[in-house]
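Presented below is the structure to which this report refers.
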Amino acid sequence: MNNKKVKVISSYPSFWDYWKEVFDYRELFWILAKRDIMVRYKQTIFGVLWSILRPLISSMVYVFGVNRIGTLGENSEIPYILVILSGNILWLFFSQSLMTISLSVVTNNNLVSKVFFPRIIIPFSSFFLGLLDVIIGMCVFIGFCFYYSYIPDYKIIFAPIFIILAYLGASGIGLFAAVLNVKYRDIGQLIPFVISFGLFISPVLYTTDTVASHWTYKLFVLNPVTGCIDAFRWALLGDAFTFNWDSFIPLLVFCFVTLFVSIRYFRKHESSFVDYI
C-alpha cells in the first residue's frame, strides 16, 4: 500500500492553508535569515563593527548639526546624544527593513524562478538582519547611558514591542513595493529617495514636541515612524518623554491596516512573479 503524501499546489490557497504552507517551509525562513546576515558581513574589513559605526557616526553628526548649528538640543533635560541615538536606532531599523523588503523578491530572482515555496518568506526573513543591528545599536546606547550616568527605568521592557511595530510598519509599505518592483523596476530607484526624504519628516533629528504647536502637527503624527520613535524614546528615556497617544494610535491603525492589505496584495500577485523576473 502506497502511503506517500501528495502535495497539491494551488495558485491561491485558502488563508489557513497558505499560512500552514509558510509554517511548513519555516526551515527555509531560517536559512534565508542566516544567509542575509552572513552575506552582509562577508569579506568586509570591519564586519559586525559596521552595525556599531552606522548609528554612532550618524548620531554624532546629527548631534553636531543640532547642538552646534541649530538650537533644538539646548533645552534638553538629558544628554542630547541619547535623544538622537534612540531615534536614530529605530529610524535605521525602519529604513533598512523597508529597503530590504522592497527589493527582496528581485534580489532573490534566481530562487523565485527555480524553486516553489511561499514567496512571502523572502521579505519576512529580513527581520533578523535588522534586529541584529538594533541589538548592537542598543549596546551602543547603553554604553552612553553608563558614560552619562543615566539609568533607564522599567519602561525599557516595552522597547521590543515598538521595534516589532516599526517592522510591521515597514512591511506594510515594503510588501506593496516588493510586488510593484517585480514589474516596474523604477520602484527600486524610488525607495531610496523616499527614505532620504523620510528622515526629515520623522522626529530623528528633533523631537515631536518641537512641532506640537505648528499647524502641520496633525499631519506629522500620521507618519508611522513618528509613532514608533515617540514610543521608543518614552521606553528608553524615562520621564523626559511622555507617551504620545496622538502618534501611537495612528501607528497602530497604519500597521494593521496596511499589513493586512499588503499581505493580500502580495498573495494575489506572487504567482505571477516568475513571468516578470
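Letters A, B, ... mark the chains of the C-alpha cells in the order given; residue numbers begin at 1 per chain; ligand numbers begin at 1, in order shown.
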Those of region 128-244 of chain A in DSSP helix (DSSP H, G or I), formatted as a ChimeraX atom specification
/A:128-147,154-183,186-198,208-211,217-220,224-236,238-240
Residues within 10 Å of region 25-37 of chain A, only C-alpha atoms, excluding chain neighbours under 2 positions, as a ChimeraX atom specification
/A:19-23,39-42,48,117-118,120-130,132
Pick from A:Val140, A:Val115, A:Ile101, A:Ile249 nearest to Ile89 (chain A), counting only C-alpha atoms
A:Val140
Residues near Asp246 (chain A), anyone? I mean within 10 Å using only C-alpha atoms, not counting same-chain ones fewer than 4 positions away, as number ranges by chain.
A: 217-218, 220-222, 226-227, 230, 250-251
Excluding Arg233 (chain A) and any residue of its chain fewer than 3 positions from it, enumerate the residues within 9 Å of it, using only C-alpha atoms, and give them as a list of chain:residue names.
A:Val83, A:Ser86, A:Gly87, A:Ala159, A:Cys228, A:Ile229, A:Asp230, A:Leu236, A:Leu237, A:Gly238, A:Ala240, A:Phe241, A:Thr242, A:Phe243
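Nearest-residue note for Tyr150 (chain A): choosing from A:Ile78, A:Val274, A:Leu111, A:Leu98, the minimum distance belongs to A:Ile78, counting only C-alpha atoms.
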Taking only C-alpha atoms into account, name the residue in A:Ser247, A:Ser271, A:Ser104, A:Ser196 that is nearest to Phe232 (chain A).
A:Ser247
Fewer than 6 positions away in the same chain doesn't count, so skip those; otherwise give me all residues within 10 Å of Ile263 (chain A), counting only C-alpha atoms, as a short mmCIF file (atom, residue, chain, number, x, y, z; two decimals) with N, CA, C and O atoms, in the first residue's frame.
data_model
loop_
_atom_site.label_atom_id
_atom_site.label_comp_id
_atom_site.auth_asym_id
_atom_site.auth_seq_id
_atom_site.Cartn_x
_atom_site.Cartn_y
_atom_site.Cartn_z
N ILE A 120 6.31 34.89 0.33
CA ILE A 120 6.29 35.87 1.42
C ILE A 120 7.37 35.58 2.46
O ILE A 120 7.72 36.43 3.28
N SER A 171 6.95 46.70 6.80
CA SER A 171 6.42 45.60 5.99
C SER A 171 5.16 46.02 5.25
O SER A 171 4.95 45.63 4.09
N GLY A 172 4.31 46.82 5.92
CA GLY A 172 3.09 47.27 5.28
C GLY A 172 3.35 48.04 4.00
O GLY A 172 2.62 47.92 3.02
N LEU A 175 5.92 45.44 1.33
CA LEU A 175 5.31 44.36 0.55
C LEU A 175 4.66 44.89 -0.73
O LEU A 175 4.74 44.26 -1.78
N PHE A 176 4.01 46.06 -0.62
CA PHE A 176 3.47 46.69 -1.83
C PHE A 176 4.60 47.00 -2.81
O PHE A 176 4.50 46.70 -4.01
#
Give me, as a VMD selection string, all polymer residues having an atom no more than 9 Å from Ser59 (chain A), counting only C-alpha atoms and skipping those fewer than 4 positions away in the same chain.
chain A and resid 54 to 55 63 to 64 81 84 to 85 88 to 89 205
Could you please take those selected residues and save N, CA, C and O atoms as a compact mmCIF listing (two decimals), in the first residue's frame?
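Heads up, here's the output in result10.txt:
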# COMPACT_ATOMS: atom_id res chain seq x y z
N ARG A 54 27.52 52.66 12.06
CA ARG A 54 26.43 53.36 11.37
C ARG A 54 25.62 54.25 12.31
O ARG A 54 25.48 55.45 12.06
N PRO A 55 25.03 53.69 13.39
CA PRO A 55 24.26 54.58 14.29
C PRO A 55 25.13 55.56 15.05
O PRO A 55 24.71 56.69 15.32
N VAL A 63 24.01 65.20 16.15
CA VAL A 63 24.16 65.98 17.38
C VAL A 63 24.94 67.25 17.10
O VAL A 63 24.58 68.34 17.59
N PHE A 64 25.99 67.15 16.29
CA PHE A 64 26.77 68.34 15.95
C PHE A 64 25.91 69.35 15.21
O PHE A 64 25.92 70.54 15.51
N ILE A 81 22.72 63.38 22.96
CA ILE A 81 23.17 62.22 22.19
C ILE A 81 22.25 61.03 22.43
O ILE A 81 21.99 60.24 21.52
N ILE A 84 19.04 61.69 20.29
CA ILE A 84 19.31 61.44 18.87
C ILE A 84 19.54 59.96 18.62
O ILE A 84 19.00 59.38 17.67
N LEU A 85 20.33 59.32 19.46
CA LEU A 85 20.68 57.92 19.26
C LEU A 85 19.45 57.02 19.34
O LEU A 85 19.29 56.09 18.53
N ASN A 88 17.60 57.49 16.16
CA ASN A 88 18.36 57.02 15.00
C ASN A 88 18.39 55.50 14.91
O ASN A 88 18.35 54.93 13.82
N ILE A 89 18.45 54.83 16.05
CA ILE A 89 18.45 53.36 16.06
C ILE A 89 17.18 52.83 15.40
O ILE A 89 17.22 51.95 14.55
N LEU A 205 16.06 63.85 14.06
CA LEU A 205 16.97 64.93 14.39
C LEU A 205 16.40 65.89 15.43
O LEU A 205 17.09 66.78 15.90
Using CA of Leu131 (chain A) and CA of Asp209 (chain A) as the two end points, give the distance in Å to one decimal.
27.9 Å
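CA of Met60 (chain A) is found 24.7 Å from CA of Asn223 (chain A).
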